[in-house]
file protein_14.cif (mmCIF, C-alpha atoms and all ligand atoms)
data_run
#
loop_
_atom_site.label_atom_id
_atom_site.label_comp_id
_atom_site.auth_asym_id
_atom_site.auth_seq_id
_atom_site.Cartn_x
_atom_site.Cartn_y
_atom_site.Cartn_z
CA MET A 1 16.85 12.05 4.63
CA LEU A 2 18.59 8.74 3.85
CA ASP A 3 17.30 5.49 5.36
CA SER A 4 19.86 3.21 6.99
CA GLN A 5 20.47 1.06 3.89
CA ASP A 6 20.93 4.15 1.77
CA SER A 7 23.33 5.61 4.34
CA ALA A 8 25.36 2.41 4.12
CA LYS A 9 25.40 2.61 0.33
CA ARG A 10 26.49 6.24 0.46
CA ALA A 11 29.28 5.41 2.91
CA ALA A 12 30.63 2.73 0.56
CA ALA A 13 30.40 5.10 -2.40
CA GLY A 14 32.19 7.79 -0.42
CA ALA A 15 35.11 5.44 0.27
CA ALA A 16 35.31 4.65 -3.44
CA VAL A 17 35.38 8.32 -4.41
CA GLU A 18 38.52 8.67 -2.28
CA LEU A 19 40.25 6.23 -4.67
CA VAL A 20 39.82 8.64 -7.58
CA GLU A 21 42.94 10.55 -8.60
CA PRO A 22 43.37 13.44 -11.05
CA GLY A 23 43.43 12.39 -14.69
CA MET A 24 41.83 9.01 -14.09
CA ARG A 25 39.67 7.29 -16.69
CA LEU A 26 36.68 5.94 -14.80
CA GLY A 27 33.87 3.45 -15.25
CA LEU A 28 30.57 4.51 -13.71
CA GLY A 29 28.23 1.73 -12.59
CA THR A 30 24.46 1.52 -12.49
CA GLY A 31 22.02 1.35 -9.57
CA SER A 32 21.40 3.27 -6.38
CA THR A 33 24.86 2.70 -4.86
CA ALA A 34 26.61 3.65 -8.10
CA GLU A 35 24.43 6.77 -8.23
CA HIS A 36 25.77 7.81 -4.82
CA PHE A 37 29.26 7.40 -6.28
CA ILE A 38 28.34 9.55 -9.31
CA ARG A 39 26.88 12.30 -7.12
CA LEU A 40 29.90 12.33 -4.78
CA LEU A 41 32.30 12.26 -7.73
CA ALA A 42 30.46 15.23 -9.24
CA GLU A 43 31.15 17.22 -6.08
CA ARG A 44 34.88 16.60 -6.56
CA VAL A 45 34.65 17.46 -10.26
CA ALA A 46 32.90 20.71 -9.37
CA GLY A 47 35.84 21.39 -7.07
CA GLY A 48 38.31 21.07 -9.94
CA LEU A 49 39.10 17.35 -10.20
CA GLU A 50 39.76 16.40 -13.83
CA VAL A 51 38.56 12.93 -14.86
CA ARG A 52 36.79 11.34 -17.80
CA ALA A 53 34.23 8.60 -17.41
CA VAL A 54 32.41 5.87 -19.32
CA ALA A 55 28.91 5.08 -18.02
CA THR A 56 27.43 1.57 -17.91
CA SER A 57 23.86 2.65 -18.73
CA GLU A 58 21.87 5.44 -20.30
CA ARG A 59 20.50 6.19 -16.84
CA SER A 60 23.95 6.66 -15.28
CA ALA A 61 25.14 8.60 -18.33
CA GLY A 62 22.17 10.95 -17.97
CA LEU A 63 22.86 11.54 -14.31
CA ALA A 64 26.58 12.09 -14.86
CA ALA A 65 25.91 14.48 -17.75
CA ARG A 66 23.45 16.53 -15.65
CA LEU A 67 26.09 16.73 -12.92
CA LEU A 68 28.72 17.87 -15.47
CA ILE A 69 31.03 14.85 -15.22
CA PRO A 70 32.94 14.66 -18.54
CA LEU A 71 31.79 11.54 -20.39
CA ALA A 72 33.43 9.48 -23.09
CA ASP A 73 32.81 6.11 -24.71
CA LEU A 74 34.96 3.00 -24.96
CA HIS A 75 36.21 4.01 -28.41
CA GLU A 76 37.78 7.10 -26.85
CA LEU A 77 38.77 5.34 -23.63
CA PRO A 78 39.31 1.64 -24.37
CA ALA A 79 41.21 1.17 -21.11
CA LEU A 80 40.04 2.49 -17.76
CA ASP A 81 41.93 3.05 -14.51
CA LEU A 82 39.08 2.38 -12.13
CA ALA A 83 35.50 1.12 -12.44
CA VAL A 84 33.10 1.40 -9.51
CA ASP A 85 29.79 -0.43 -9.45
CA GLY A 86 27.23 -1.97 -7.13
CA ALA A 87 26.17 -5.61 -6.87
CA ASP A 88 23.14 -7.69 -5.99
CA GLU A 89 25.17 -10.38 -4.20
CA ILE A 90 28.83 -10.67 -3.20
CA ASP A 91 30.43 -13.92 -2.04
CA PRO A 92 33.65 -14.23 0.01
CA ALA A 93 35.74 -14.66 -3.17
CA LEU A 94 34.14 -11.43 -4.44
CA ASN A 95 32.26 -13.27 -7.13
CA LEU A 96 29.11 -11.30 -7.85
CA ILE A 97 25.58 -11.49 -9.10
CA LYS A 98 24.79 -8.29 -10.98
CA GLY A 99 22.07 -7.09 -13.30
CA GLY A 100 19.21 -6.33 -10.92
CA GLY A 101 19.12 -2.92 -12.58
CA GLY A 102 19.24 -4.45 -16.05
CA ALA A 103 22.65 -3.13 -17.07
CA LEU A 104 24.83 -6.22 -16.66
CA LEU A 105 26.16 -6.34 -20.24
CA ARG A 106 27.65 -2.87 -20.30
CA GLU A 107 28.65 -3.27 -16.65
CA LYS A 108 30.69 -6.37 -17.43
CA ILE A 109 32.32 -4.77 -20.48
CA VAL A 110 33.30 -1.71 -18.44
CA ALA A 111 34.54 -3.79 -15.48
CA ALA A 112 36.67 -5.88 -17.87
CA ALA A 113 38.12 -2.70 -19.41
CA ALA A 114 39.26 -1.44 -16.02
CA ARG A 115 42.63 -2.08 -14.41
CA ARG A 116 40.83 -2.03 -11.04
CA PHE A 117 37.18 -2.95 -10.51
CA VAL A 118 35.83 -1.95 -7.11
CA VAL A 119 32.42 -3.05 -5.85
CA VAL A 120 30.42 -0.77 -3.55
CA ALA A 121 27.53 -2.13 -1.51
CA ASP A 122 25.72 -2.15 1.77
CA ARG A 123 26.25 -5.21 3.97
CA SER A 124 22.95 -6.85 2.98
CA LYS A 125 24.58 -7.80 -0.34
CA CYS A 126 27.18 -10.05 1.30
CA VAL A 127 26.32 -13.77 1.16
CA SER A 128 28.23 -16.97 1.85
CA VAL A 129 26.99 -18.59 -1.38
CA LEU A 130 25.59 -16.83 -4.46
CA GLY A 131 22.12 -17.64 -5.72
CA SER A 132 19.33 -16.33 -3.51
CA PHE A 133 19.01 -13.34 -5.83
CA ALA A 134 17.56 -14.43 -9.18
CA LEU A 135 20.41 -14.50 -11.71
CA PRO A 136 19.78 -12.14 -14.65
CA VAL A 137 20.69 -13.48 -18.09
CA GLU A 138 20.64 -11.11 -21.08
CA VAL A 139 19.35 -12.79 -24.24
CA VAL A 140 18.36 -11.91 -27.78
CA GLY A 141 14.58 -11.64 -28.14
CA PHE A 142 14.51 -14.31 -30.88
CA ALA A 143 15.83 -16.91 -28.40
CA VAL A 144 13.53 -16.26 -25.44
CA GLY A 145 11.29 -19.28 -26.11
CA PRO A 146 13.94 -22.00 -26.22
CA LEU A 147 16.09 -20.34 -23.57
CA LEU A 148 13.28 -20.35 -20.99
CA GLY A 149 13.50 -24.15 -21.10
CA ARG A 150 17.29 -24.46 -21.46
CA LEU A 151 17.99 -22.04 -18.62
CA GLY A 152 15.34 -23.66 -16.49
CA ALA A 153 17.15 -27.00 -16.80
CA LEU A 154 20.63 -25.53 -16.33
CA ALA A 155 20.25 -22.76 -13.80
CA GLY A 156 16.75 -22.91 -12.31
CA PRO A 157 13.28 -21.66 -13.29
CA ALA A 158 13.60 -18.66 -15.59
CA ARG A 159 11.17 -15.73 -15.98
CA LEU A 160 11.10 -13.04 -18.60
CA ARG A 161 11.61 -9.67 -16.88
CA ARG A 162 8.68 -7.35 -17.55
CA LEU A 163 7.88 -3.71 -16.92
CA ALA A 164 4.97 -2.76 -14.64
CA ASP A 165 2.70 -2.48 -17.71
CA GLY A 166 3.52 -6.06 -18.76
CA ARG A 167 5.78 -5.29 -21.70
CA PRO A 168 9.17 -7.06 -21.70
CA PHE A 169 12.03 -5.07 -20.19
CA VAL A 170 14.48 -4.08 -22.95
CA THR A 171 18.11 -3.41 -22.08
CA ASP A 172 20.18 -0.47 -23.34
CA GLU A 173 21.60 -2.83 -25.97
CA GLY A 174 18.13 -3.89 -27.13
CA HIS A 175 18.00 -7.34 -25.55
CA GLN A 176 15.69 -9.01 -23.04
CA LEU A 177 16.37 -10.41 -19.58
CA LEU A 178 15.55 -13.81 -18.12
CA ASP A 179 15.82 -13.97 -14.32
CA CYS A 180 16.76 -17.47 -13.10
CA ALA A 181 15.85 -18.67 -9.62
CA CYS A 182 19.06 -20.67 -9.21
CA GLY A 183 19.19 -21.29 -5.50
CA ALA A 184 22.70 -21.91 -4.10
CA ILE A 185 25.26 -21.81 -6.92
CA ALA A 186 27.88 -24.39 -5.94
CA ASN A 187 30.34 -23.51 -8.70
CA PRO A 188 29.86 -19.99 -10.14
CA ALA A 189 32.77 -20.35 -12.60
CA ARG A 190 31.33 -23.52 -14.10
CA LEU A 191 27.81 -22.10 -14.35
CA ALA A 192 29.24 -18.95 -15.98
CA CYS A 193 30.87 -21.06 -18.71
CA GLU A 194 27.75 -23.16 -19.24
CA LEU A 195 25.54 -20.09 -19.56
CA ALA A 196 27.91 -18.36 -21.97
CA ALA A 197 27.83 -21.42 -24.25
CA LEU A 198 24.06 -21.30 -24.83
CA PRO A 199 23.07 -19.91 -28.26
CA GLY A 200 21.10 -16.71 -27.78
CA VAL A 201 22.68 -15.80 -24.44
CA VAL A 202 24.43 -12.46 -24.83
CA GLU A 203 25.78 -12.19 -21.28
CA HIS A 204 24.89 -13.22 -17.75
CA GLY A 205 25.09 -11.58 -14.35
CA LEU A 206 27.78 -13.80 -12.82
CA PHE A 207 30.94 -11.72 -12.43
CA VAL A 208 33.54 -14.33 -11.51
CA GLY A 209 37.03 -13.25 -10.44
CA MET A 210 36.57 -9.70 -11.71
CA ALA A 211 36.37 -7.58 -8.55
CA ALA A 212 39.68 -6.53 -7.02
CA GLU A 213 38.05 -5.34 -3.82
CA ALA A 214 34.70 -4.58 -2.23
CA LEU A 215 33.86 -1.59 -0.07
CA ILE A 216 31.06 -2.64 2.26
CA GLY A 217 29.20 0.17 3.97
CA ASP A 218 27.30 0.22 7.25
CA ALA A 219 24.59 2.64 8.29
CA ASP A 220 26.87 4.24 10.91
CA GLY A 221 29.19 5.37 8.10
CA ARG A 222 31.87 2.73 8.65
CA VAL A 223 33.25 0.98 5.58
CA GLU A 224 34.94 -2.42 5.49
CA ARG A 225 37.44 -3.06 2.69
CA ARG A 226 37.27 -6.69 1.55
CA LEU A 227 39.72 -8.49 -0.70
CA PRO A 228 38.93 -11.79 -2.45
CA ARG A 229 39.29 -14.81 -0.14
C1 LIG B 301 22.56 -2.99 -12.12
C2 LIG B 301 23.32 -3.68 -11.04
C3 LIG B 301 23.40 -2.97 -9.73
O1 LIG B 301 24.74 -2.73 -9.46
C4 LIG B 301 22.80 -3.83 -8.67
O2 LIG B 301 21.45 -4.11 -9.04
C5 LIG B 301 22.85 -3.17 -7.31
O3 LIG B 301 21.97 -2.09 -7.28
P1 LIG B 301 21.82 -1.15 -6.00
O4 LIG B 301 23.12 -0.43 -5.83
O5 LIG B 301 20.68 -0.24 -6.36
O6 LIG B 301 21.48 -2.03 -4.81
O7 LIG B 301 23.87 -4.74 -11.21
O8 LIG B 301 22.49 -3.78 -13.28
#
call {"tool": "encode", "arguments": {"input": "protein_14.cif", "output": "structure tokens", "more": "lines below"}}
Ligand code: 5RP
result
Amino acid sequence: MLDSQDSAKRAAAGAAVELVEPGMRLGLGTGSTAEHFIRLLAERVAGGLEVRAVATSERSAGLAARLLIPLADLHELPALDLAVDGADEIDPALNLIKGGGGALLREKIVAAAARRFVVVADRSKCVSVLGSFALPVEVVGFAVGPLLGRLGALAGPARLRRLADGRPFVTDEGHQLLDCACGAIANPARLACELAALPGVVEHGLFVGMAAEALIGDADGRVERRLPR
């Protein structure tokens, strides 16, 4: 039985699955909403739909493989037709904060490789200004010490993401994550450039100007299609 937020996520994912056409090269996101998309896509694949997909995390790749969705990597499929992924926050211009699930680096690479990047989310992810959700920044382990201070000054207090047992969280690409309590981000594009310029930062969770549309689900199954404002 799905709770109301999960029903909303599934509704959004269902609308995204309808965008998939035979022969498409797909990007598969990471997180609970993206997992709904993967499960619903697998139903269509089982029914005969032919697609190939690149996953944005080991977790999504494992799920897709178990559900018999044909997988490839970006060497085989350097350009994708459609990437579908969730988000932690979505502003009216469809700028995003992503990386709550720790997969922002591969997610951004896959989104950038796609002709069309569609965000799927429940309505709780829609905000007027980004920044309530702590902004994940993926960094090399060697740079954690200095970056805690640099990010704190630039973006807001930063914390090393840890697992429940206290060990640092390690991403699929072998890096660590610093979560920055930014508060309202007045200019996401400027902050994105400033973050990218810091030595030791591999990538950050601001996705600026990348999403072509957002499919926002509600618990009653309705889905609103939003374009960037
Ligand atoms: C993972 C992400 C996810 O898309 C984001 O955390 C949203 O997750 P969910 O769909 O579970 O709410 O960025 O790195």
call {"tool": "closest_residue", "arguments": {"input": "protein_14.cif", "among": "A:Ile97, A:Ala214, A:Leu227, A:Ala72", "to": "Val118 of chain A", "atoms": "all atoms listed in the file"}}
result
A:Ala214
call {"tool": "closest_residue", "arguments": {"input": "protein_14.cif", "among": "A:Thr171, A:Ser7, A:Gly29, A:Leu74", "to": "Ile216 of chain A", "atoms": "all atoms listed in the file"}}
result
A:Ser7
call {"tool": "residues_around", "arguments": {"input": "protein_14.cif", "residues": "Ala219 of chain A", "least_positions_apart": "5", "cutoff": "12 Å", "atoms": "all atoms listed in the file", "output": "PyMOL selection string"}}
result
chain A and resi 2-12+121-124+224
call {"tool": "atom_distance", "arguments": {"input": "protein_14.cif", "atom1": "atom CA of Arg162 of chain A", "atom2": "atom CA of Ser32 of chain A"}}
result
20.0 Å
call {"tool": "residues_near_ligand", "arguments": {"input": "protein_14.cif", "ligand": "ligand LIG 301 (chain B)", "cutoff": "6 Å", "atoms": "all atoms listed in the file", "output": "list of chain:residue names"}}
result
A:Thr30, A:Gly31, A:Ser32, A:Thr33, A:Ala34, A:Asp85, A:Gly86, A:Ala87, A:Asp88, A:Lys98, A:Gly99, A:Gly100, A:Gly101, A:Gly102, A:Ala103, A:Leu104
call {"tool": "axis_aligned_box", "arguments": {"input": "protein_14.cif", "around": "segment 181-192 of chain A", "padding_each_side": "8 Å", "output": "lines of an AutoDock Vina configuration file"}}
result
center_x = 24.3
center_y = -21.5
center_z = -10.0
size_x = 32.9
size_y = 21.7
size_z = 27.9
call {"tool": "residues_around", "arguments": {"input": "protein_14.cif", "residues": "segment 38-44 of chain A", "least_positions_apart": "6", "cutoff": "8 Å", "atoms": "all atoms listed in the file", "output": "PyMOL selection string"}}
result
chain A and resi 13-14+17+28+60+63-64+67-69
call {"tool": "atom_distance", "arguments": {"input": "protein_14.cif", "atom1": "atom CA of Arg59 of chain A", "atom2": "atom CA of Leu147 of chain A"}}
result
27.7 Å
call {"tool": "closest_residue", "arguments": {"input": "protein_14.cif", "among": "A:Ala111, A:Leu82, A:Leu177, A:Ala134", "to": "Glu18 of chain A", "atoms": "all atoms listed in the file"}}
result
A:Leu82
call {"tool": "closest_residue", "arguments": {"input": "protein_14.cif", "among": "A:Arg159, A:His36, A:Arg52, A:Arg229", "to": "Gly23 of chain A", "atoms": "only C-alpha atoms"}}
result
A:Arg52
call {"tool": "residues_near_point", "arguments": {"input": "protein_14.cif", "point": "(25.1, -16.0, 3.8)", "cutoff": "10 Å", "atoms": "only C-alpha atoms", "output": "ChimeraX atom specification"}}
result
/A:89-92,124-130,132
call {"tool": "write_last_selection", "arguments": {"input": "protein_14.cif", "atoms": "C-alpha atoms", "output": "short mmCIF file (atom, residue, chain, number, x, y, z; two decimals), keeping the file's coordinate frame"}}
result
data_model
loop_
_atom_site.label_atom_id
_atom_site.label_comp_id
_atom_site.auth_asym_id
_atom_site.auth_seq_id
_atom_site.Cartn_x
_atom_site.Cartn_y
_atom_site.Cartn_z
CA GLU A 89 25.17 -10.38 -4.20
CA ILE A 90 28.83 -10.67 -3.20
CA ASP A 91 30.43 -13.92 -2.04
CA PRO A 92 33.65 -14.23 0.01
CA SER A 124 22.95 -6.85 2.98
CA LYS A 125 24.58 -7.80 -0.34
CA CYS A 126 27.18 -10.05 1.30
CA VAL A 127 26.32 -13.77 1.16
CA SER A 128 28.23 -16.97 1.85
CA VAL A 129 26.99 -18.59 -1.38
CA LEU A 130 25.59 -16.83 -4.46
CA SER A 132 19.33 -16.33 -3.51
#
call {"tool": "decode", "arguments": {"input": "protein_14.cif", "residues": "segment 27-46 of chain A", "atoms": "N, CA and C atoms", "output": "tab-separated table (two decimals), in the first residue's frame"}}
result
chain	number	residue	atom	x	y	z
A	27	GLY	N	18.01	7.65	-19.85
A	27	GLY	CA	18.76	7.81	-18.61
A	27	GLY	C	17.83	7.53	-17.44
A	28	LEU	N	18.30	6.66	-16.54
A	28	LEU	CA	17.49	6.27	-15.38
A	28	LEU	C	18.04	6.95	-14.14
A	29	GLY	N	17.20	7.72	-13.45
A	29	GLY	CA	17.63	8.46	-12.27
A	29	GLY	C	17.77	7.58	-11.04
A	30	THR	N	17.96	8.25	-9.92
A	30	THR	CA	18.17	7.58	-8.63
A	30	THR	C	17.22	8.18	-7.59
A	31	GLY	N	16.75	7.32	-6.67
A	31	GLY	CA	15.84	7.78	-5.62
A	31	GLY	C	14.49	7.10	-5.75
A	32	SER	N	13.61	7.37	-4.81
A	32	SER	CA	12.35	6.64	-4.76
A	32	SER	C	11.44	6.95	-5.95
A	33	THR	N	11.44	8.19	-6.42
A	33	THR	CA	10.57	8.54	-7.56
A	33	THR	C	11.12	7.91	-8.84
A	34	ALA	N	12.43	7.99	-9.00
A	34	ALA	CA	13.06	7.35	-10.16
A	34	ALA	C	12.84	5.83	-10.14
A	35	GLU	N	12.80	5.26	-8.94
A	35	GLU	CA	12.56	3.81	-8.86
A	35	GLU	C	11.15	3.46	-9.31
A	36	HIS	N	10.18	4.33	-9.02
A	36	HIS	CA	8.84	4.09	-9.60
A	36	HIS	C	8.92	4.08	-11.12
A	37	PHE	N	9.67	5.04	-11.67
A	37	PHE	CA	9.81	5.11	-13.13
A	37	PHE	C	10.42	3.80	-13.65
A	38	ILE	N	11.46	3.32	-12.98
A	38	ILE	CA	12.14	2.10	-13.45
A	38	ILE	C	11.17	0.91	-13.41
A	39	ARG	N	10.41	0.81	-12.33
A	39	ARG	CA	9.46	-0.32	-12.21
A	39	ARG	C	8.38	-0.24	-13.29
A	40	LEU	N	7.87	0.97	-13.53
A	40	LEU	CA	6.80	1.11	-14.54
A	40	LEU	C	7.37	0.91	-15.95
A	41	LEU	N	8.60	1.36	-16.17
A	41	LEU	CA	9.24	1.12	-17.46
A	41	LEU	C	9.43	-0.38	-17.69
A	42	ALA	N	9.81	-1.08	-16.64
A	42	ALA	CA	10.04	-2.53	-16.75
A	42	ALA	C	8.75	-3.24	-17.18
A	43	GLU	N	7.62	-2.75	-16.73
A	43	GLU	CA	6.35	-3.37	-17.16
A	43	GLU	C	6.18	-3.22	-18.67
A	44	ARG	N	6.55	-2.04	-19.19
A	44	ARG	CA	6.43	-1.84	-20.64
A	44	ARG	C	7.46	-2.68	-21.39
A	45	VAL	N	8.65	-2.81	-20.83
A	45	VAL	CA	9.68	-3.64	-21.47
A	45	VAL	C	9.22	-5.10	-21.50
A	46	ALA	N	8.63	-5.54	-20.41
A	46	ALA	CA	8.11	-6.92	-20.37
A	46	ALA	C	7.03	-7.13	-21.43
